[in-house]
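Student: Quick one: the structure is below, questions incoming.
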Amino acid sequence: MVAALRLGLLLFLSPLRAAEPSTDLPSSPEAPSKTRATAWERGHSGPAPLTDVAKLCVCDLLVAQCDVNCCCDPDCSAADFSLFTTCSVPIVTGDSRLCSQKAAIYSLDTEANPPERVFKLVDHINPSVFCIHATNYEQALSFRSPEIPTAENFDQLLQKYGSAAFSAEPESWSMNSDASDPSDADESYRYEYGVPIQTVDAFLRLPSPVVSSWCSDANPAGFLVHQATKCIRSISVENCGNVQAVSMLFYINSSILAVPKSSQMVNITVQSVVVQSLNGMQTLLSSSQVLRQPMISGELCINVVLGVSYHITYTDAGEIIEAAASFVLGAVNKEALSIQQSFEISFTQVNTNPVPFSGNPGYVVGLPVRAGFRPQGSGIIQNTNKYGQLTILQSTANQDCLTAQGARTPVLFGYNMISGCKLRITAAVNCQPLAQVLLDLLMGQRFPEYVASFGNSQAQDVLDWVPITHLRTSEQSSCQIPVALEIEVKWTKYGSLVNPQARIVNVTATTTTTTLKQLPLGRERTIPVTSSVVFTDISSPAEPGYKAWPTINAKLPYDFFFPFV
């Protein structure tokens, strides 16, 4: 609208003068119709000129008279220009936010006798990185009269703009819908991270609160964006059958496009249906093939959708191959005026094992710390062990290290842990093989390289993963064996003070070794081997003097409460 306002203002100041011939100003290089016809051809080099800047003059204020020092005024003659001392408007352009456009430059040649006005039409390049390449939004190029509410169209306007959020997307974003690039006809499309998942009619909806806590159905589900939302939906027993958003059909009736702009469709199947009673008890139905619609039963409305969980299966080529939905249905009594609905969407790549999150976004105390590796030039690959997370040595009942090999336990966020075993050494033990066995015992088959800073860090967001720093403490001797692994996880409170999120900022793994001394024949020695994890909160303390309830250390005037006591 700013671009439209600025352009409309320039056209409004001299709409009549633009059509008058002038001997000093050059004519438009192209007619407007030709400009629009060739907009696509020049779309890659810059926007089509929508306004002839050579005919714009913002300082032309007097009708049929020459404005002083207005070098673009068509009413001024050469004799008038010879009396000018300067050009009040030295450069005239259209929208300054365009990346490239024509600019009319005016100046005075004072060395000429008499002084003359100099006019140049040059290409003006916007140095800003954030500029408009092409103005292809037709609705912004002119003013549109607002639709005035009347008795006839009031219901229509209320339905369109009465909700908490509405879409103002125009019918077409292209200046010329008929023009197309033949080179893009056979282009293969695929979903990329964050791109809205398209359906036959629009996009896959994931209702969420927008301005308030009320549900808005205009929130699209983004590809590979795991989301979980909760919002409030207005409903009553009398009209529950008329509210589409509480019906199962509303969430599965539109097929998903396998890839954007394709004709291949993927139907949304019902994976499971859980029925929840008024007291909160949930029962899993044996058959999920039956579509249950909301209906009135006595003083209740049953089969109302309380929760929807989508699960999308995709390929590494960005193609959706399966889509499933799980429902939680409940009942609403006549006293209820609204219900709370929960929505969730998750993604799994085909032929891979899904790894659950440990928080959204911050870590939740008691959930595993997520870890993984980063091959050269790729994203994070999470652990392939049983838990897919950071693990340490698990203690066994007999405390024998040789029988504890392979037994691991996950590191749970916020829990300081210690485990260990005992190793019995004889004189016949060889140092180097024993050291490798103990290192594998402490580290596992493959110790991870990175730890997720948040509980929901995505594998493709490499900057959201913290590298593990390895330290080693040892003595000076010829034979060193590792006997302890100490992991320190430093975390901080991130975000709002009202709802801080736990974020891991540093992980250090310290391996402690000891000297293996040669034992006499027939003697044995028992060495304890331990693994430990310590979580350290390094959140910055509140600023000095900060208090939950601020106090004012000042005296009120003696007559402040006059005439009251």
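Residue numbering restarts at 1 for every chain of the structure tokens, chains are lettered A, B, ... in their displayed order, and ligands are numbered from 1 as they appear.
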Quick one: residues within 7 Å of A:Ser277, only C-alpha atoms counted, chain neighbours fewer than 5 positions away excluded, as a tab-separated table (two decimals) with C-alpha atoms, in the first residue's frame?
Tutor:
chain	number	residue	atom	x	y	z
A	282	GLN	CA	-9.87	-42.63	27.11
A	330	GLY	CA	-15.08	-36.41	23.17
A	331	ALA	CA	-18.45	-35.25	24.38
Student: From a backbone DSSP assignment, name each residue in stretch 337-564 of chain A labelled helix (DSSP H, G or I), as a list in words.
Tutor: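 For stretch 337-564 of chain A, the helix (DSSP H, G or I) set is Cys431, Gln432, Pro433, Leu434, Ala435, Gln436, Val437, Leu438, Leu439, Asp440, Leu441, Leu442, Met443, Val462, Leu463 and Asp464 of chain A.
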Student: Export N, CA, C and O atoms of the chosen residues as a PDB file, in the first residue's frame?
Tutor:
ATOM      1  N   CYS A 431      48.708 -54.348  28.600  1.00  0.00           N
ATOM      2  CA  CYS A 431      48.277 -52.969  28.825  1.00  0.00           C
ATOM      3  C   CYS A 431      47.445 -52.426  27.665  1.00  0.00           C
ATOM      4  O   CYS A 431      46.333 -51.924  27.874  1.00  0.00           O
ATOM      5  N   GLN A 432      47.940 -52.462  26.433  1.00  0.00           N
ATOM      6  CA  GLN A 432      47.281 -51.799  25.316  1.00  0.00           C
ATOM      7  C   GLN A 432      45.899 -52.388  25.004  1.00  0.00           C
ATOM      8  O   GLN A 432      44.921 -51.644  24.858  1.00  0.00           O
ATOM      9  N   PRO A 433      45.732 -53.709  24.902  1.00  0.00           N
ATOM     10  CA  PRO A 433      44.381 -54.239  24.673  1.00  0.00           C
ATOM     11  C   PRO A 433      43.412 -53.882  25.795  1.00  0.00           C
ATOM     12  O   PRO A 433      42.234 -53.611  25.554  1.00  0.00           O
ATOM     13  N   LEU A 434      43.915 -53.893  27.048  1.00  0.00           N
ATOM     14  CA  LEU A 434      43.047 -53.560  28.181  1.00  0.00           C
ATOM     15  C   LEU A 434      42.589 -52.095  28.100  1.00  0.00           C
ATOM     16  O   LEU A 434      41.432 -51.777  28.390  1.00  0.00           O
ATOM     17  N   ALA A 435      43.495 -51.196  27.720  1.00  0.00           N
ATOM     18  CA  ALA A 435      43.137 -49.780  27.602  1.00  0.00           C
ATOM     19  C   ALA A 435      42.037 -49.572  26.563  1.00  0.00           C
ATOM     20  O   ALA A 435      41.105 -48.783  26.771  1.00  0.00           O
ATOM     21  N   GLN A 436      42.120 -50.288  25.442  1.00  0.00           N
ATOM     22  CA  GLN A 436      41.096 -50.145  24.406  1.00  0.00           C
ATOM     23  C   GLN A 436      39.760 -50.711  24.863  1.00  0.00           C
ATOM     24  O   GLN A 436      38.695 -50.151  24.574  1.00  0.00           O
ATOM     25  N   VAL A 437      39.790 -51.824  25.611  1.00  0.00           N
ATOM     26  CA  VAL A 437      38.554 -52.415  26.119  1.00  0.00           C
ATOM     27  C   VAL A 437      37.860 -51.453  27.091  1.00  0.00           C
ATOM     28  O   VAL A 437      36.632 -51.251  27.030  1.00  0.00           O
ATOM     29  N   LEU A 438      38.640 -50.844  27.975  1.00  0.00           N
ATOM     30  CA  LEU A 438      38.046 -49.905  28.933  1.00  0.00           C
ATOM     31  C   LEU A 438      37.522 -48.646  28.253  1.00  0.00           C
ATOM     32  O   LEU A 438      36.490 -48.087  28.654  1.00  0.00           O
ATOM     33  N   LEU A 439      38.225 -48.168  27.212  1.00  0.00           N
ATOM     34  CA  LEU A 439      37.753 -46.990  26.494  1.00  0.00           C
ATOM     35  C   LEU A 439      36.437 -47.271  25.792  1.00  0.00           C
ATOM     36  O   LEU A 439      35.521 -46.437  25.799  1.00  0.00           O
ATOM     37  N   ASP A 440      36.321 -48.450  25.180  1.00  0.00           N
ATOM     38  CA  ASP A 440      35.050 -48.821  24.547  1.00  0.00           C
ATOM     39  C   ASP A 440      33.952 -48.994  25.583  1.00  0.00           C
ATOM     40  O   ASP A 440      32.773 -48.715  25.305  1.00  0.00           O
ATOM     41  N   LEU A 441      34.335 -49.458  26.767  1.00  0.00           N
ATOM     42  CA  LEU A 441      33.355 -49.633  27.834  1.00  0.00           C
ATOM     43  C   LEU A 441      32.792 -48.285  28.281  1.00  0.00           C
ATOM     44  O   LEU A 441      31.582 -48.144  28.514  1.00  0.00           O
ATOM     45  N   LEU A 442      33.649 -47.274  28.394  1.00  0.00           N
ATOM     46  CA  LEU A 442      33.215 -45.961  28.865  1.00  0.00           C
ATOM     47  C   LEU A 442      32.492 -45.181  27.774  1.00  0.00           C
ATOM     48  O   LEU A 442      31.465 -44.530  28.029  1.00  0.00           O
ATOM     49  N   MET A 443      33.037 -45.203  26.570  1.00  0.00           N
ATOM     50  CA  MET A 443      32.493 -44.396  25.486  1.00  0.00           C
ATOM     51  C   MET A 443      31.359 -45.084  24.722  1.00  0.00           C
ATOM     52  O   MET A 443      30.559 -44.420  24.065  1.00  0.00           O
ATOM     53  N   VAL A 462      22.198 -27.243  11.693  1.00  0.00           N
ATOM     54  CA  VAL A 462      23.476 -27.616  12.306  1.00  0.00           C
ATOM     55  C   VAL A 462      23.851 -26.658  13.430  1.00  0.00           C
ATOM     56  O   VAL A 462      24.458 -27.064  14.435  1.00  0.00           O
ATOM     57  N   LEU A 463      23.492 -25.383  13.293  1.00  0.00           N
ATOM     58  CA  LEU A 463      23.852 -24.399  14.319  1.00  0.00           C
ATOM     59  C   LEU A 463      23.101 -24.623  15.624  1.00  0.00           C
ATOM     60  O   LEU A 463      23.451 -24.024  16.646  1.00  0.00           O
ATOM     61  N   ASP A 464      22.056 -25.446  15.609  1.00  0.00           N
ATOM     62  CA  ASP A 464      21.325 -25.768  16.836  1.00  0.00           C
ATOM     63  C   ASP A 464      21.925 -26.950  17.577  1.00  0.00           C
ATOM     64  O   ASP A 464      21.317 -27.458  18.520  1.00  0.00           O
TER      65      ASP A 464
END
Student: Return as number ranges by chain the full set of residues in stretch 106-326 of chain A whose backbone-based DSSP assignment is strand (DSSP E).
Tutor: A: 106-109, 116-125, 208-209, 215-216, 227-234, 256-257, 265-266, 268-276, 282-284, 295-297, 300-314, 320-326
Student: Here is a test: counting only C-alpha atoms, which residue of A:Arg233, A:Arg374, A:Lys120, A:Lys261 is nearest to A:Asp461?
Tutor: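 Residue with the minimum atom-to-atom distance to A:Asp461: A:Arg374.
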Student: Give me, as a list in words, all polymer residues having an atom no more than 7 Å from stretch 293-301 of chain A, counting only C-alpha atoms and skipping those fewer than 5 positions away in the same chain.
Tutor: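 Residues meeting the cut-off are Val237, Cys240, Gly241, Ser247, Met248, Ala331, Val332, Asn333 and Lys334 of chain A.
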Student: Write the residues of the preceding selection, restricted to C-alpha atoms, as a PDB file, in the first residue's frame.
Tutor:
ATOM      1  CA  VAL A 237     -24.755 -28.636  21.952  1.00  0.00           C
ATOM      2  CA  CYS A 240     -22.327 -28.862  17.215  1.00  0.00           C
ATOM      3  CA  GLY A 241     -23.435 -30.575  14.022  1.00  0.00           C
ATOM      4  CA  SER A 247     -15.870 -33.063  12.661  1.00  0.00           C
ATOM      5  CA  MET A 248     -13.361 -35.736  11.594  1.00  0.00           C
ATOM      6  CA  ALA A 331     -18.447 -35.250  24.385  1.00  0.00           C
ATOM      7  CA  VAL A 332     -19.757 -31.764  25.172  1.00  0.00           C
ATOM      8  CA  ASN A 333     -22.529 -31.095  27.652  1.00  0.00           C
ATOM      9  CA  LYS A 334     -25.068 -28.286  27.406  1.00  0.00           C
TER      10      LYS A 334
END
